[in-house]
Amino acid sequence: MPESHINKLAKLDARLQLLNEERLALLNDRQALITQHEAELAQNFNLNASPESKIDLFLSYFKGRNDVYPFRWESKNGRSGYSPACWNEWKPKICNKPKISCTDCKNQNFKVPDHQAVYGHLKGFKTIGIYPLLSDNSTYLLAADFDKEDWFEATTAFATTCESLNIPYLLERSRSGNGGHIWIFFSEAVAASDARRLGNGLLRKTMELYPLLSFDCFDRLFPCQDIMPEGGFGNLIALPLKLEPRKNNNSVFINNERIPYNDQWSILAATRKVTKSQLQSTLNQLNSYIERALDDIAKNEPWKKLNDDDSIKINDCPKKITLTLADQLYVPIANLPGKLTSKLKHYAVFSNQWRFFGIDGFW
């Protein structure tokens, strides 16, 4: 190659390097501006703020995909579910539901989660949700879903673990009143796999600290997948603070005594967001509770646990345990150390690789 060409390439490479550095600096400035704006929103925020400010605050916390959102529908025969909100829904010769699903439709014209959509949700016109898994496999939040009778005991135990690690959170009673969500927010988009590792680590640590709680009420983490399912949106989660459930003190943020906060907006505004550096630091603290991510889940056996703590010594273990084999295998846990109980429960389940990829559908 002629020397003149070599010199030109060197100049182009140097220019590209400068442009890349400038791009990174601009992205940092952009994130700093967003953080500053959200801090200004939160300052002295209360229920007397304007509707526009409340919606701005709401959107700054409950961030999902910005190109589509789900809404809840109810049929005349009592059936209900969620579908992507679309401007073309049920239009003759355009919408072909239920023959063709929304994800496969060629006439997609999805509504976006804007001020109008959130206003309608907060005023009770329609229940909406978000798809928390973004198209680049990142997320702005983590939600742990608990159902069944002992949901409050499990969520408050989970919340205590969050507090012990300085992880800010909000506890929401679900719209039915029969379950709860723990919401954790991030200051910027983080890898969904890291968010889910945080959730799994917090859950396993909580199981160790509270071995007598069954945690049967734990349902799932949102996002439900590390990786976006092909052709889909990932799993949805309904948003809080809809008007009608709020009248029954449901779909609201509550304290550790089940009492709703008097000012839902000030408690939301006061909730700190987890930074990327704090997330990584917490993941390091929870390392012994977290399974390593599967490099290629299709080539691994999901029942083989991938964490490294098999050699950890557990103190105060009994010399023997009497098991009962009947319709199930029964293990007496009342006198077992919490760490041992947690590990036994962990070994009793294994990952569902199809759910990991979202192959079993949208549920």
# chains A, B, ... in the order shown; residues from 1 in each chain; ligands from 1

call {"tool": "residues_around", "arguments": {"residues": "A:Phe146", "least_positions_apart": "3", "cutoff": "7 Å", "atoms": "only C-alpha atoms", "output": "ChimeraX atom specification"}}
result
/A:151,155,179-181,217-219

call {"tool": "write_last_selection", "arguments": {"atoms": "N, CA and C atoms", "output": "PDB file, in the first residue's frame"}}
result
ATOM      1  N   TRP A 151     -48.153 -14.116  51.013  1.00  0.00           N
ATOM      2  CA  TRP A 151     -47.374 -13.211  50.173  1.00  0.00           C
ATOM      3  C   TRP A 151     -46.763 -12.071  50.980  1.00  0.00           C
ATOM      4  N   THR A 155     -42.863 -11.108  51.102  1.00  0.00           N
ATOM      5  CA  THR A 155     -42.392  -9.841  50.536  1.00  0.00           C
ATOM      6  C   THR A 155     -41.670  -8.993  51.573  1.00  0.00           C
ATOM      7  N   GLY A 179     -51.786 -10.353  46.556  1.00  0.00           N
ATOM      8  CA  GLY A 179     -50.378 -10.559  46.231  1.00  0.00           C
ATOM      9  C   GLY A 179     -49.638  -9.240  46.296  1.00  0.00           C
ATOM     10  N   GLY A 180     -48.367  -9.279  45.977  1.00  0.00           N
ATOM     11  CA  GLY A 180     -47.571  -8.065  46.034  1.00  0.00           C
ATOM     12  C   GLY A 180     -46.396  -8.100  45.086  1.00  0.00           C
ATOM     13  N   HIS A 181     -45.886  -6.927  44.787  1.00  0.00           N
ATOM     14  CA  HIS A 181     -44.686  -6.768  43.953  1.00  0.00           C
ATOM     15  C   HIS A 181     -43.645  -5.971  44.724  1.00  0.00           C
ATOM     16  N   CYS A 217     -45.298 -18.800  47.598  1.00  0.00           N
ATOM     17  CA  CYS A 217     -46.016 -17.674  47.012  1.00  0.00           C
ATOM     18  C   CYS A 217     -45.191 -16.930  45.967  1.00  0.00           C
ATOM     19  N   PHE A 218     -43.877 -17.189  45.920  1.00  0.00           N
ATOM     20  CA  PHE A 218     -43.066 -16.507  44.913  1.00  0.00           C
ATOM     21  C   PHE A 218     -43.442 -17.021  43.533  1.00  0.00           C
ATOM     22  N   ASP A 219     -43.769 -16.107  42.642  1.00  0.00           N
ATOM     23  CA  ASP A 219     -44.202 -16.491  41.300  1.00  0.00           C
ATOM     24  C   ASP A 219     -43.084 -16.356  40.279  1.00  0.00           C
TER      25      ASP A 219
END

call {"tool": "select_by_dssp", "arguments": {"residues": "stretch 50-193 of chain A", "states": "helix (DSSP H, G or I)", "output": "ChimeraX atom specification"}}
result
/A:51-61,102-104,115-122,151-164,192-193

call {"tool": "residues_around", "arguments": {"residues": "stretch 127-138 of chain A", "least_positions_apart": "6", "cutoff": "7 Å", "atoms": "only C-alpha atoms", "output": "short mmCIF file (atom, residue, chain, number, x, y, z; two decimals) with C-alpha atoms, in the first residue's frame"}}
result
data_model
loop_
_atom_site.label_atom_id
_atom_site.label_comp_id
_atom_site.auth_asym_id
_atom_site.auth_seq_id
_atom_site.Cartn_x
_atom_site.Cartn_y
_atom_site.Cartn_z
CA LYS A 63 -39.82 2.39 31.97
CA GLY A 64 -40.25 -0.48 29.55
CA ARG A 65 -40.25 -0.72 25.78
CA TYR A 69 -47.35 -1.33 25.70
CA PRO A 70 -49.98 -3.90 26.77
CA PHE A 71 -53.49 -3.14 27.99
CA ARG A 72 -56.00 -5.27 29.89
CA HIS A 121 -54.39 4.34 33.42
CA ALA A 189 -30.66 0.52 31.58
CA VAL A 190 -28.75 -2.53 32.83
CA ALA A 191 -28.39 -6.03 31.39
CA ALA A 192 -31.56 -7.98 32.12
CA PHE A 222 -39.76 -9.40 35.80
CA PRO A 223 -38.15 -9.34 33.30
CA ASP A 226 -32.47 -12.64 30.05
CA ILE A 227 -32.87 -12.61 26.27
CA MET A 228 -35.72 -11.28 24.14
CA PHE A 233 -42.00 -8.66 23.45
CA GLY A 234 -41.08 -10.64 26.56
CA ASN A 235 -43.43 -10.87 29.53
CA LEU A 236 -45.56 -7.94 30.62
CA ILE A 237 -46.26 -6.58 34.07
CA ALA A 238 -49.26 -4.42 34.98
CA LEU A 239 -48.55 -0.94 36.30
CA LYS A 242 -54.85 2.64 38.69
#

call {"tool": "closest_residue", "arguments": {"among": "A:Glu149, A:Asp114, A:Asp263, A:Glu208", "to": "A:Asp67", "atoms": "only C-alpha atoms"}}
result
A:Asp114

call {"tool": "closest_residue", "arguments": {"among": "A:Pro51, A:Pro92, A:Pro113, A:Gly201", "to": "A:Gln285", "atoms": "only C-alpha atoms"}}
result
A:Gly201

call {"tool": "closest_residue", "arguments": {"among": "A:Ser53, A:Asn66, A:Gln31, A:Asn255", "to": "A:Leu170", "atoms": "only C-alpha atoms"}}
result
A:Asn255

call {"tool": "closest_residue", "arguments": {"among": "A:Asn249, A:Ser187, A:Ser50, A:Asn88", "to": "A:Leu142", "atoms": "only C-alpha atoms"}}
result
A:Ser187

call {"tool": "closest_residue", "arguments": {"among": "A:Asn96, A:Ser60, A:Asn20, A:Ser288", "to": "A:His115", "atoms": "only C-alpha atoms"}}
result
A:Ser60
